[in-house]
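Source file run-v1.txt; content: compact mmCIF, C-alpha atoms and all ligand atoms.
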```txt
# COMPACT_ATOMS: atom_id res chain seq x y z
CA MET A 1 24.81 10.27 -9.28
CA VAL A 2 21.98 9.25 -7.02
CA THR A 3 19.61 12.06 -7.85
CA SER A 4 19.20 10.85 -11.38
CA THR A 5 18.53 7.16 -11.58
CA ARG A 6 17.01 7.49 -15.03
CA GLU A 7 20.21 7.52 -17.06
CA MET A 8 21.90 4.90 -14.91
CA VAL A 9 19.40 2.10 -15.02
CA GLN A 10 20.39 -1.05 -16.73
CA ASP A 11 17.06 -2.82 -16.50
CA ALA A 12 16.00 -4.76 -19.55
CA GLY A 13 12.84 -2.80 -18.92
CA VAL A 14 9.71 -2.62 -20.88
CA ARG A 15 8.51 0.39 -22.69
CA GLY A 16 5.21 0.77 -24.38
CA ARG A 17 1.70 -0.30 -23.75
CA VAL A 18 2.19 -4.06 -23.61
CA LEU A 19 4.20 -5.48 -20.78
CA ASP A 20 7.02 -7.85 -21.79
CA VAL A 21 7.03 -10.10 -18.77
CA ASP A 22 10.32 -11.84 -19.61
CA ALA A 23 12.07 -8.48 -19.77
CA VAL A 24 10.51 -7.43 -16.48
CA ARG A 25 11.50 -10.69 -14.80
CA ALA A 26 15.08 -10.17 -15.92
CA ASP A 27 15.12 -7.01 -13.80
CA PHE A 28 14.28 -8.82 -10.53
CA PRO A 29 17.25 -10.90 -9.38
CA ILE A 30 15.48 -12.75 -6.58
CA LEU A 31 13.03 -14.29 -9.04
CA HIS A 32 15.85 -16.42 -10.42
CA ARG A 33 16.58 -18.23 -7.17
CA ARG A 34 15.28 -21.65 -6.29
CA VAL A 35 13.52 -22.70 -3.10
CA HIS A 36 13.32 -26.31 -1.96
CA GLY A 37 15.07 -27.17 -5.24
CA LYS A 38 12.23 -25.66 -7.30
CA PRO A 39 12.03 -22.39 -9.21
CA LEU A 40 10.58 -19.71 -6.95
CA VAL A 41 6.97 -18.82 -7.73
CA TYR A 42 6.42 -15.67 -5.70
CA LEU A 43 2.71 -15.01 -5.18
CA ASP A 44 2.86 -13.11 -1.89
CA ASN A 45 3.01 -9.66 -3.39
CA ALA A 46 0.23 -8.16 -1.31
CA ALA A 47 2.48 -8.69 1.71
CA THR A 48 5.52 -7.19 0.00
CA THR A 49 6.83 -7.05 -3.54
CA GLN A 50 10.28 -8.01 -4.78
CA LYS A 51 12.74 -5.31 -5.80
CA PRO A 52 14.11 -4.59 -9.27
CA GLN A 53 17.86 -4.24 -9.79
CA ALA A 54 17.33 -0.49 -10.35
CA VAL A 55 16.20 -0.14 -6.72
CA ILE A 56 18.98 -2.34 -5.34
CA ASP A 57 21.51 -0.28 -7.35
CA ALA A 58 20.04 3.02 -6.17
CA LEU A 59 20.46 1.95 -2.53
CA SER A 60 24.00 0.80 -3.11
CA ARG A 61 24.88 3.97 -5.07
CA TYR A 62 23.44 6.09 -2.31
CA TYR A 63 25.80 4.58 0.25
CA THR A 64 28.73 4.44 -2.15
CA GLU A 65 28.51 8.00 -3.44
CA ALA A 66 26.22 10.19 -1.40
CA ASN A 67 25.68 9.18 2.20
CA ALA A 68 25.32 12.17 4.56
CA ASN A 69 22.60 13.65 6.69
CA VAL A 70 20.08 15.84 4.89
CA HIS A 71 18.97 19.46 5.26
CA ARG A 72 21.61 20.35 7.82
CA GLY A 73 24.95 20.45 6.07
CA VAL A 74 26.75 22.96 3.92
CA HIS A 75 29.19 20.32 2.72
CA PHE A 76 29.13 18.64 -0.66
CA LEU A 77 27.78 15.24 0.33
CA SER A 78 25.03 16.70 2.47
CA GLY A 79 23.92 18.67 -0.59
CA ILE A 80 23.84 15.54 -2.73
CA ALA A 81 21.98 13.53 -0.11
CA THR A 82 19.44 16.34 0.33
CA ASP A 83 18.94 16.60 -3.44
CA ALA A 84 18.43 12.85 -3.69
CA TYR A 85 15.92 12.84 -0.85
CA GLU A 86 13.98 15.81 -2.18
CA SER A 87 14.09 14.52 -5.73
CA ALA A 88 12.47 11.29 -4.47
CA ARG A 89 9.73 13.41 -2.93
CA SER A 90 9.09 15.09 -6.30
CA THR A 91 8.93 11.67 -7.95
CA VAL A 92 6.33 10.54 -5.40
CA ARG A 93 4.40 13.80 -5.83
CA ALA A 94 4.23 13.32 -9.61
CA TYR A 95 3.26 9.64 -9.25
CA PHE A 96 0.21 10.55 -7.18
CA ASN A 97 -0.36 13.81 -9.07
CA ALA A 98 -0.31 15.86 -5.88
CA GLY A 99 -0.22 19.63 -6.39
CA SER A 100 2.95 20.31 -4.43
CA ASP A 101 5.92 18.58 -2.79
CA ARG A 102 4.73 20.18 0.44
CA GLU A 103 1.82 17.74 0.37
CA ILE A 104 4.07 14.66 0.43
CA VAL A 105 5.20 13.58 3.89
CA PHE A 106 7.64 10.69 4.21
CA THR A 107 6.68 8.31 7.00
CA ARG A 108 7.77 4.79 7.95
CA ASN A 109 4.86 3.03 6.25
CA ALA A 110 1.13 3.34 5.58
CA THR A 111 0.42 2.43 9.19
CA GLU A 112 2.33 5.46 10.42
CA SER A 113 0.66 7.68 7.79
CA ILE A 114 -2.77 6.68 9.09
CA ASN A 115 -1.73 7.11 12.74
CA LEU A 116 -0.37 10.55 11.92
CA VAL A 117 -3.77 11.66 10.63
CA ALA A 118 -5.63 9.98 13.49
CA HIS A 119 -3.55 11.79 16.09
CA THR A 120 -2.95 15.20 14.56
CA PHE A 121 -6.09 15.76 12.50
CA VAL A 122 -8.93 13.67 13.86
CA ARG A 123 -8.26 13.38 17.57
CA ALA A 124 -8.75 17.08 18.32
CA ARG A 125 -11.97 17.16 16.30
CA LEU A 126 -13.48 14.15 18.08
CA GLY A 127 -15.81 14.62 21.01
CA ALA A 128 -18.07 12.28 22.94
CA GLY A 129 -20.75 10.93 20.62
CA ASP A 130 -18.83 11.77 17.44
CA GLU A 131 -18.13 9.08 14.90
CA VAL A 132 -15.35 7.74 12.70
CA LEU A 133 -16.55 5.76 9.71
CA ILE A 134 -14.53 2.93 8.15
CA SER A 135 -15.54 -0.06 6.02
CA ALA A 136 -15.83 -3.76 6.81
CA MET A 137 -12.91 -4.60 4.50
CA GLU A 138 -10.18 -2.61 6.26
CA HIS A 139 -6.71 -3.81 7.15
CA HIS A 140 -5.99 -3.62 10.88
CA SER A 141 -3.87 -0.55 10.10
CA ASN A 142 -7.02 1.31 9.15
CA ILE A 143 -9.05 0.02 12.12
CA VAL A 144 -6.90 0.08 15.23
CA PRO A 145 -5.64 3.71 15.03
CA TRP A 146 -9.30 4.83 14.87
CA GLN A 147 -10.28 2.58 17.74
CA LEU A 148 -7.53 4.14 19.84
CA VAL A 149 -8.62 7.73 19.24
CA CYS A 150 -12.31 6.85 19.55
CA GLN A 151 -11.72 5.16 22.90
CA GLU A 152 -9.74 8.11 24.16
CA ARG A 153 -12.35 10.69 23.09
CA GLY A 154 -15.55 8.77 23.84
CA ALA A 155 -16.37 8.57 20.15
CA THR A 156 -17.82 5.64 18.20
CA LEU A 157 -16.33 3.64 15.36
CA ARG A 158 -18.92 2.90 12.68
CA VAL A 159 -18.45 0.30 9.97
CA ALA A 160 -19.97 0.36 6.49
CA PRO A 161 -20.88 -3.22 5.53
CA ILE A 162 -19.90 -5.29 2.50
CA ASP A 163 -21.95 -7.84 0.58
CA ASP A 164 -21.24 -11.51 -0.09
CA SER A 165 -19.03 -10.73 -3.06
CA GLY A 166 -16.91 -8.39 -0.97
CA GLU A 167 -18.31 -5.18 -2.45
CA LEU A 168 -19.02 -2.18 -0.33
CA ILE A 169 -22.75 -1.51 0.07
CA LEU A 170 -22.75 2.12 -1.02
CA ASP A 171 -26.28 2.92 0.18
CA GLU A 172 -25.32 1.77 3.66
CA LEU A 173 -22.13 3.79 3.57
CA GLU A 174 -24.12 6.85 2.59
CA ARG A 175 -26.60 6.25 5.41
CA LEU A 176 -23.72 6.08 7.90
CA LEU A 177 -22.31 9.46 6.83
CA THR A 178 -23.97 11.70 9.43
CA ASP A 179 -23.41 15.09 11.00
CA ARG A 180 -21.47 13.26 13.73
CA THR A 181 -18.96 11.72 11.29
CA ARG A 182 -15.57 13.38 11.71
CA ILE A 183 -13.71 11.35 9.08
CA LEU A 184 -14.30 8.57 6.59
CA ALA A 185 -11.25 6.27 6.42
CA ILE A 186 -11.49 3.68 3.69
CA THR A 187 -9.27 1.43 1.65
CA HIS A 188 -8.82 1.98 -2.07
CA MET A 189 -8.26 -1.76 -2.55
CA SER A 190 -8.74 -4.61 -0.09
CA ASN A 191 -5.69 -6.75 0.63
CA ALA A 192 -7.87 -9.68 1.71
CA LEU A 193 -10.47 -9.63 -1.09
CA GLY A 194 -9.01 -7.61 -3.95
CA THR A 195 -12.09 -5.35 -4.08
CA VAL A 196 -11.39 -1.94 -5.61
CA ASN A 197 -13.62 0.75 -4.15
CA PRO A 198 -15.12 3.61 -6.21
CA ILE A 199 -13.17 6.26 -4.33
CA ALA A 200 -14.14 9.31 -6.42
CA ALA A 201 -17.86 8.57 -5.92
CA ILE A 202 -17.35 7.86 -2.21
CA VAL A 203 -15.45 11.12 -1.73
CA LYS A 204 -18.32 13.01 -3.38
CA LEU A 205 -20.80 11.48 -0.93
CA ALA A 206 -18.63 12.40 2.04
CA HIS A 207 -17.70 15.88 0.86
CA ALA A 208 -21.37 16.68 0.22
CA ARG A 209 -21.64 16.45 4.02
CA GLU A 210 -18.28 18.19 4.57
CA ILE A 211 -16.71 15.00 5.89
CA PRO A 212 -12.99 14.61 5.14
CA VAL A 213 -11.75 11.36 3.59
CA LEU A 214 -8.58 9.40 4.20
CA VAL A 215 -7.85 6.63 1.72
CA ASP A 216 -5.59 3.70 2.50
CA GLY A 217 -3.79 3.20 -0.81
CA SER A 218 -1.37 0.53 0.38
CA GLN A 219 -2.58 -2.00 -2.18
CA ALA A 220 -3.96 0.23 -4.94
CA ALA A 221 -0.80 2.29 -5.35
CA TYR A 222 1.19 -0.41 -7.13
CA HIS A 223 -1.65 -1.84 -9.22
CA LEU A 224 -3.64 1.17 -10.45
CA PRO A 225 -2.86 4.71 -11.55
CA VAL A 226 -3.73 6.98 -8.60
CA ASP A 227 -4.50 10.67 -9.05
CA VAL A 228 -5.20 12.17 -5.65
CA ARG A 229 -6.59 15.36 -7.12
CA ALA A 230 -8.94 13.61 -9.54
CA LEU A 231 -10.10 11.35 -6.69
CA GLY A 232 -10.58 14.42 -4.49
CA VAL A 233 -9.21 12.72 -1.36
CA ASP A 234 -8.02 14.71 1.64
CA PHE A 235 -5.38 12.18 2.72
CA TYR A 236 -3.86 9.21 0.91
CA ALA A 237 -1.57 6.70 2.64
CA ALA A 238 0.89 4.44 0.82
CA THR A 239 3.73 2.14 1.78
CA GLY A 240 7.05 1.87 -0.07
CA HIS A 241 7.75 -1.84 0.24
CA LYS A 242 4.65 -2.76 -1.74
CA LEU A 243 5.57 -0.22 -4.43
CA TYR A 244 8.69 -2.29 -5.28
CA GLY A 245 10.69 -0.02 -2.96
CA PRO A 246 12.45 -0.61 0.38
CA THR A 247 10.83 -1.32 3.72
CA GLY A 248 10.67 1.43 6.33
CA ILE A 249 9.51 4.20 3.99
CA GLY A 250 5.91 5.29 3.61
CA VAL A 251 4.00 8.21 2.17
CA LEU A 252 1.25 10.44 3.42
CA TYR A 253 -0.36 12.75 0.91
CA GLY A 254 -2.41 15.45 2.59
CA ARG A 255 -4.12 18.52 1.19
CA GLU A 256 -1.88 21.45 1.95
CA ALA A 257 -4.47 23.52 3.79
CA LEU A 258 -5.21 20.61 6.12
CA LEU A 259 -1.55 19.78 6.76
CA GLU A 260 -0.86 23.47 7.44
CA ALA A 261 -3.53 23.55 10.13
CA MET A 262 -2.45 20.31 11.81
CA PRO A 263 -0.02 20.25 14.76
CA PRO A 264 3.15 18.14 14.51
CA PHE A 265 2.97 14.40 15.15
CA LEU A 266 6.43 13.72 16.60
CA GLY A 267 8.77 16.31 18.04
CA GLY A 268 12.53 16.55 17.53
CA GLY A 269 15.12 17.76 15.07
CA ASP A 270 14.26 18.99 11.59
CA MET A 271 10.57 19.59 12.35
CA ILE A 272 11.23 22.90 14.10
CA ALA A 273 11.88 26.46 12.93
CA SER A 274 13.19 27.60 16.34
CA VAL A 275 13.58 26.15 19.82
CA THR A 276 13.90 27.79 23.21
CA PHE A 277 13.13 26.23 26.57
CA GLU A 278 9.96 28.29 26.67
CA LYS A 279 8.62 27.61 23.23
CA SER A 280 9.31 25.99 19.87
CA THR A 281 7.95 26.90 16.46
CA TRP A 282 7.44 24.53 13.57
CA ASN A 283 9.19 24.07 10.27
CA VAL A 284 7.33 24.53 7.00
CA LEU A 285 5.59 21.63 5.23
CA PRO A 286 6.31 18.83 4.84
CA TYR A 287 9.21 18.94 7.35
CA LYS A 288 6.88 19.77 10.23
CA PHE A 289 5.88 16.10 10.05
CA GLU A 290 9.34 14.61 9.52
CA ALA A 291 10.98 14.68 12.95
CA GLY A 292 14.53 13.39 13.23
CA THR A 293 16.82 11.99 10.58
CA PRO A 294 14.56 10.53 7.90
CA HIS A 295 14.94 7.22 6.09
CA ILE A 296 17.00 8.89 3.37
CA GLU A 297 18.04 5.81 1.43
CA GLY A 298 14.50 4.48 1.79
CA ALA A 299 13.15 7.56 0.04
CA VAL A 300 15.87 7.30 -2.63
CA GLY A 301 14.99 3.63 -3.15
CA LEU A 302 11.29 4.45 -3.35
CA GLY A 303 12.03 7.13 -5.94
CA ALA A 304 13.97 4.57 -7.99
CA ALA A 305 11.09 2.08 -7.62
CA ILE A 306 8.58 4.61 -8.91
CA ASP A 307 10.89 5.50 -11.79
CA TYR A 308 10.96 1.81 -12.60
CA ILE A 309 7.16 1.45 -12.43
CA ASN A 310 6.85 4.49 -14.70
CA ARG A 311 9.24 2.97 -17.22
CA VAL A 312 7.23 -0.22 -17.36
CA GLY A 313 4.03 1.81 -17.32
CA LEU A 314 1.19 1.41 -14.84
CA PRO A 315 -1.46 0.97 -17.57
CA ALA A 316 0.60 -1.93 -19.00
CA ILE A 317 1.06 -3.37 -15.51
CA ALA A 318 -2.66 -3.10 -14.77
CA ALA A 319 -3.58 -4.78 -18.07
CA HIS A 320 -1.10 -7.61 -17.47
CA GLU A 321 -2.37 -8.16 -13.94
CA ARG A 322 -5.98 -8.12 -15.14
CA ASP A 323 -5.15 -10.93 -17.53
CA LEU A 324 -3.42 -12.86 -14.74
CA LEU A 325 -6.32 -12.34 -12.36
CA ALA A 326 -8.81 -13.71 -14.91
CA TYR A 327 -6.52 -16.65 -15.67
CA GLY A 328 -5.80 -17.38 -12.01
CA THR A 329 -9.52 -17.26 -11.24
CA GLN A 330 -10.09 -19.95 -13.88
CA VAL A 331 -7.25 -22.07 -12.54
CA LEU A 332 -8.64 -21.96 -9.00
CA GLU A 333 -12.24 -22.50 -10.06
CA SER A 334 -11.21 -25.64 -11.92
CA ILE A 335 -9.95 -27.26 -8.70
CA PRO A 336 -12.66 -29.21 -6.88
CA GLY A 337 -13.32 -27.95 -3.35
CA VAL A 338 -11.76 -24.51 -3.88
CA ARG A 339 -13.93 -21.50 -3.07
CA LEU A 340 -12.89 -17.95 -3.85
CA ILE A 341 -13.42 -15.37 -1.11
CA GLY A 342 -13.86 -11.99 -2.76
CA THR A 343 -15.58 -11.90 -6.13
CA ALA A 344 -16.32 -8.19 -6.50
CA ARG A 345 -16.93 -6.89 -10.00
CA GLU A 346 -14.16 -4.32 -9.54
CA LYS A 347 -11.25 -6.34 -8.26
CA ALA A 348 -7.48 -6.48 -8.74
CA SER A 349 -4.59 -8.90 -8.29
CA ILE A 350 -5.79 -10.87 -5.26
CA LEU A 351 -6.92 -14.50 -5.23
CA SER A 352 -8.12 -15.31 -1.73
CA PHE A 353 -9.52 -18.81 -1.33
CA VAL A 354 -10.39 -21.68 0.96
CA MET A 355 -10.29 -25.40 0.19
CA GLN A 356 -12.80 -27.86 1.51
CA ASP A 357 -11.52 -29.82 4.54
CA VAL A 358 -8.02 -28.32 4.38
CA HIS A 359 -6.77 -25.59 6.72
CA PRO A 360 -5.16 -22.69 4.83
CA HIS A 361 -1.92 -23.17 6.80
CA ASP A 362 -1.64 -26.71 5.44
CA ILE A 363 -2.23 -25.39 1.94
CA GLY A 364 0.52 -22.81 2.38
CA THR A 365 2.98 -25.33 3.79
CA ILE A 366 2.44 -27.92 1.07
CA VAL A 367 2.61 -25.48 -1.85
CA ASP A 368 5.77 -23.98 -0.36
CA ARG A 369 7.48 -27.37 -0.83
CA GLU A 370 6.70 -26.90 -4.54
CA GLY A 371 8.41 -23.50 -4.55
CA VAL A 372 5.13 -21.57 -4.48
CA ALA A 373 5.00 -18.71 -1.95
CA ILE A 374 1.48 -17.71 -0.94
CA ARG A 375 0.19 -16.22 2.31
CA THR A 376 -2.20 -17.90 4.67
CA GLY A 377 -3.98 -16.47 7.68
CA HIS A 378 -6.24 -13.52 8.34
CA HIS A 379 -4.08 -11.09 6.33
CA CYS A 380 -4.38 -8.46 9.08
CA ALA A 381 -8.07 -8.25 8.26
CA GLN A 382 -9.72 -10.39 10.92
CA PRO A 383 -13.13 -8.71 10.54
CA VAL A 384 -13.13 -9.74 6.86
CA MET A 385 -12.58 -13.36 7.90
CA ASP A 386 -15.44 -13.05 10.40
CA ARG A 387 -17.68 -11.55 7.72
CA PHE A 388 -17.12 -14.58 5.48
CA GLY A 389 -17.24 -17.07 8.36
CA VAL A 390 -13.74 -18.46 7.80
CA PRO A 391 -10.81 -18.49 10.25
CA ALA A 392 -8.33 -17.73 7.51
CA THR A 393 -7.81 -17.91 3.76
CA ALA A 394 -4.99 -18.82 1.43
CA ARG A 395 -4.05 -15.84 -0.70
CA ALA A 396 -2.15 -15.69 -3.97
CA SER A 397 -1.42 -12.09 -4.87
CA LEU A 398 -0.03 -10.85 -8.17
CA ALA A 399 2.55 -8.37 -9.31
CA MET A 400 3.90 -7.16 -12.64
CA TYR A 401 6.43 -10.01 -12.94
CA ASN A 402 4.05 -12.94 -12.48
CA THR A 403 3.10 -15.21 -15.36
CA ARG A 404 0.33 -17.55 -16.37
CA ALA A 405 2.85 -20.41 -16.04
CA GLU A 406 3.25 -19.50 -12.37
CA LEU A 407 -0.49 -19.70 -11.89
CA ASP A 408 -0.38 -23.14 -13.52
CA ALA A 409 2.34 -24.04 -10.98
CA LEU A 410 0.00 -22.88 -8.20
CA GLY A 411 -2.77 -25.03 -9.67
CA ALA A 412 -0.47 -28.07 -9.82
CA ALA A 413 0.68 -27.49 -6.24
CA LEU A 414 -2.95 -27.29 -5.10
CA GLU A 415 -3.60 -30.63 -6.81
CA LYS A 416 -0.82 -32.02 -4.58
CA VAL A 417 -2.65 -30.60 -1.56
CA ARG A 418 -5.78 -32.44 -2.67
CA GLU A 419 -3.83 -35.69 -3.02
CA VAL A 420 -2.40 -35.34 0.49
CA PHE A 421 -5.84 -34.75 1.98
CA ALA A 422 -7.74 -37.20 -0.23
C1 LIG B 1 -4.71 -2.53 2.69
C2 LIG B 1 -3.50 -2.37 3.56
N1 LIG B 1 -3.45 -1.35 4.42
C3 LIG B 1 -2.40 -1.14 5.23
C4 LIG B 1 -1.33 -1.99 5.21
C5 LIG B 1 -0.19 -1.72 6.14
O1 LIG B 1 1.02 -1.53 5.45
P1 LIG B 1 2.34 -1.30 6.31
O2 LIG B 1 2.45 -2.50 7.21
O3 LIG B 1 3.43 -1.24 5.31
O4 LIG B 1 2.14 -0.05 7.08
C6 LIG B 1 -1.33 -3.08 4.36
C7 LIG B 1 -0.22 -4.06 4.37
O5 LIG B 1 -0.41 -5.25 4.25
C8 LIG B 1 -2.44 -3.28 3.50
O6 LIG B 1 -2.50 -4.30 2.65
```
Let me see whether you can do it: turn the structure in this file into structure tokens.
Ligand SMILES: Cc1ncc(COP(=O)(O)O)c(C=O)c1O
Amino acid sequence: MVTSTREMVQDAGVRGRVLDVDAVRADFPILHRRVHGKPLVYLDNAATTQKPQAVIDALSRYYTEANANVHRGVHFLSGIATDAYESARSTVRAYFNAGSDREIVFTRNATESINLVAHTFVRARLGAGDEVLISAMEHHSNIVPWQLVCQERGATLRVAPIDDSGELILDELERLLTDRTRILAITHMSNALGTVNPIAAIVKLAHAREIPVLVDGSQAAYHLPVDVRALGVDFYAATGHKLYGPTGIGVLYGREALLEAMPPFLGGGDMIASVTFEKSTWNVLPYKFEAGTPHIEGAVGLGAAIDYINRVGLPAIAAHERDLLAYGTQVLESIPGVRLIGTAREKASILSFVMQDVHPHDIGTIVDREGVAIRTGHHCAQPVMDRFGVPATARASLAMYNTRAELDALGAALEKVREVFA
């Protein structure tokens, strides 16, 4: 039965406060494959995470036992599919501690969640001379949508700077919060630097001036416990494929009063209450924002992924990843010519680095031959690269199933890079 993945899961799992990494690894089938004849060392988790068997099974069970369209049918399967979809929404709501399922909108990804807010909340409030404030460590997904609406409305995009360690300069951010600021849109955790921003404090600064805050939680959501009510955010965007779930499913949390007041984003089926040729009226939340047939199995898979994370336990995951980050930092610092980009005091699960006289693409290509998957490039954060004066970095990014031995494998592969370029 798809609605209840809990009883069905066969994962070796981990329960308790300490993460048993061998048991976790047993739950991720892809980690057992080899690449280029070597064991896979997957360190590209900030781009997307691998999926546990529980998620793969939930997707397969959905199509084997439940597939039908949601919300529209009186027949048996439609009821099961609707229950599965809505149960996934409740799982997401609990994970982020939102107050109501009405505050959880399923989207395609974090990018769409941010665009939804830009177009249906901010655009109408933006006039010539108004401002949108972001930070200098944003992913392109939290830059370009704001540029588009600013250009259209004659408004200005302002950018709060970061220091040489990759930390936000809070005084500067505060100075940039003015009576022209219509929204502050800021990442919870940088995908290029690993910096974790003090969101609760930032929200207080913005709310003191009645400025709403959207937080891009794409990275934070699978590394840190997130409580949208404790943080006080107005909107929180997340993306399923980084949360160990499927691609094509994203989440927008929005405070109910704000979502109520916003017009729809896309028009079509399911988002309406009534349609005539003269006029249409809108469905209740959250369906007003879910036009057309949704990504039902994506939501079901995301629900299963969050169930899995909950079984392992986010505090245990965070502690394990903290240990890995400290260890990986040592490994990289011990390699001559390696320089870490992003050394904030509050940082999680990202090791971005450059190597003297070696282009990051060459690093990535050589370590790949050793079975080590890292990402090289600008990580969809070109302004961050500009800030640090580098064209690109190599980035190893961690997830719950990584081990110290894998970081040793990265270190050994980087020694090979040094030999090639010696
Ligand atoms: C910080 C951050 N924001 C936004 C995104 C966009 O996620 P998606 O492409 O799933 O919408 C990413 C993905 O890399 C990210 O790391």
Check your understanding: Restricting the calculation to only C-alpha atoms, which member of A:Leu31, A:Cys150, A:Ala319, A:Val213 is positioned closest to Leu177 (chain A)?
Key -> A:Val213
Practice item. May I have the residues at most 10 Å from (-11.9, -10.4, 9.5) in the file's coordinates, counting only C-alpha atoms, as a PyMOL selection string? Key: chain A and resi 136-140+192+378-392
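Taking CA of Thr107 (chain A) and CA of Ala291 (chain A) as endpoints, the distance between them is 9.7 Å.
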Exercise for review: Please provide the set of residues having any atom within 12 Å of region 157-162 of chain A, restricted to all atoms listed in the file, with same-chain residues fewer than 5 positions apart removed, written as an NGL selection string.
Suggested key: :A and (126 or 128-138 or 142-152 or 167-178 or 180-187 or 190 or 193 or 195 or 197 or 202 or 342-344 or 383-384 or 386-388)
Residues of chain A within 8 Å of ligand LIG 1 (chain B): nearest atom pair and distance (Å, one decimal) for each, counting all atoms listed in the file, sorted by chain and number, as a Markdown table?
```
| residue | atom | partner | partner_atom | distance |
| --- | --- | --- | --- | --- |
| A:Ala46 | CA | B:LIG1 | O6 | 6.2 |
| A:Ala47 | CA | B:LIG1 | O5 | 5.2 |
| A:Thr48 | CA | B:LIG1 | O5 | 7.5 |
| A:Arg108 | CA | B:LIG1 | O4 | 7.5 |
| A:Asn109 | CA | B:LIG1 | O4 | 4.2 |
| A:Ala110 | CA | B:LIG1 | O4 | 3.8 |
| A:Thr111 | CA | B:LIG1 | O4 | 3.7 |
| A:Glu112 | CA | B:LIG1 | O4 | 6.4 |
| A:Ser113 | CA | B:LIG1 | O4 | 7.9 |
| A:Glu138 | CA | B:LIG1 | C1 | 6.5 |
| A:His139 | CA | B:LIG1 | N1 | 4.9 |
| A:His140 | CA | B:LIG1 | C3 | 7.1 |
| A:Ser141 | CA | B:LIG1 | C3 | 5.1 |
| A:Asn142 | CA | B:LIG1 | N1 | 6.5 |
| A:Thr187 | CA | B:LIG1 | C1 | 6.1 |
| A:His188 | CA | B:LIG1 | C1 | 7.7 |
| A:Met189 | CA | B:LIG1 | C1 | 6.4 |
| A:Ser190 | CA | B:LIG1 | C1 | 5.3 |
| A:Asn191 | CA | B:LIG1 | O6 | 4.5 |
| A:Ala192 | CA | B:LIG1 | O6 | 7.7 |
| A:Asp216 | CA | B:LIG1 | N1 | 5.8 |
| A:Gly217 | CA | B:LIG1 | C1 | 6.8 |
| A:Ser218 | CA | B:LIG1 | C2 | 4.8 |
| A:Gln219 | CA | B:LIG1 | C1 | 5.3 |
| A:Ala238 | CA | B:LIG1 | O1 | 7.6 |
| A:Thr239 | CA | B:LIG1 | O3 | 4.9 |
| A:Gly240 | CA | B:LIG1 | O3 | 7.2 |
| A:His241 | CA | B:LIG1 | O3 | 6.7 |
| A:Lys242 | CA | B:LIG1 | O3 | 7.3 |
| A:Thr247 | CA | B:LIG1 | O3 | 7.6 |
| A:Gly248 | CA | B:LIG1 | O3 | 7.8 |
| A:Gly250 | CA | B:LIG1 | O3 | 7.2 |
| A:His379 | CA | B:LIG1 | O5 | 7.2 |
| A:Cys380 | CA | B:LIG1 | O5 | 7.0 |
```
Practice item. Tell me which of A:Leu252, A:Val105, A:Thr156, A:Asp368 sits closest to Ala237 (chain A), counting all atoms listed in the file. Key: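 Among the listed residues, A:Leu252 lies closest to Ala237 (chain A).
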Per residue of region 293-321 of chain A within 12 Å of region 56-71 of chain A, record the nearest atom pair and its distance in Å to one decimal, counting only C-alpha atoms, with rows in chain order and ascending residue number, as a Markdown table.
```
| residue | atom | partner | partner_atom | distance |
| --- | --- | --- | --- | --- |
| A:Thr293 | CA | A:Asn69 | CA | 7.2 |
| A:Pro294 | CA | A:Val70 | CA | 8.2 |
| A:His295 | CA | A:Asn69 | CA | 10.0 |
| A:Ile296 | CA | A:Val70 | CA | 7.8 |
| A:Glu297 | CA | A:Leu59 | CA | 6.0 |
| A:Gly298 | CA | A:Leu59 | CA | 7.8 |
| A:Ala299 | CA | A:Leu59 | CA | 9.6 |
| A:Val300 | CA | A:Ala58 | CA | 6.9 |
| A:Gly301 | CA | A:Leu59 | CA | 5.8 |
| A:Leu302 | CA | A:Ala58 | CA | 9.3 |
| A:Gly303 | CA | A:Ala58 | CA | 9.0 |
| A:Ala304 | CA | A:Ala58 | CA | 6.5 |
| A:Ala305 | CA | A:Ala58 | CA | 9.1 |
| A:Ile306 | CA | A:Ala58 | CA | 11.9 |
| A:Asp307 | CA | A:Ala58 | CA | 11.0 |
| A:Tyr308 | CA | A:Ala58 | CA | 11.2 |
```
Practice item. Between CA of Lys416 (chain A) and CA of Gly337 (chain A), measure the distance and give it in Å to one decimal. Key: 13.2 Å
Revision key, fill the gap. Judged by all atoms listed in the file, the minimum distance to Arg345 (chain A) among A:Val21, A:Ala316, A:Ala326, A:Ile249 is found for A:Ala326
Closest contacts (region 94-120 of chain A/region 268-286 of chain A, max 12 Å, only C-alpha atoms) as JSON lines:
```
{"residue": "A:Ser100", "atom": "CA", "partner": "A:Pro286", "partner_atom": "CA", "distance": 10.0}
{"residue": "A:Asp101", "atom": "CA", "partner": "A:Pro286", "partner_atom": "CA", "distance": 7.6}
{"residue": "A:Arg102", "atom": "CA", "partner": "A:Pro286", "partner_atom": "CA", "distance": 4.9}
{"residue": "A:Glu103", "atom": "CA", "partner": "A:Pro286", "partner_atom": "CA", "distance": 6.4}
{"residue": "A:Ile104", "atom": "CA", "partner": "A:Pro286", "partner_atom": "CA", "distance": 6.5}
{"residue": "A:Val105", "atom": "CA", "partner": "A:Pro286", "partner_atom": "CA", "distance": 5.4}
{"residue": "A:Phe106", "atom": "CA", "partner": "A:Pro286", "partner_atom": "CA", "distance": 8.3}
{"residue": "A:Thr107", "atom": "CA", "partner": "A:Pro286", "partner_atom": "CA", "distance": 10.7}
```
**Study point:** Coordinates-based distance that separates CA of Ile335 (chain A) from CA of Asp22 (chain A) (Å, one decimal)
**Key:** 27.7 Å
Review point. For Val92 (chain A), which residue out of A:Val358, A:Ile309, A:Ala230, A:Ala200 is the nearest one, using all atoms listed in the file?
Key: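 Of the candidates, the smallest distance to Val92 (chain A) is held by A:Ile309.
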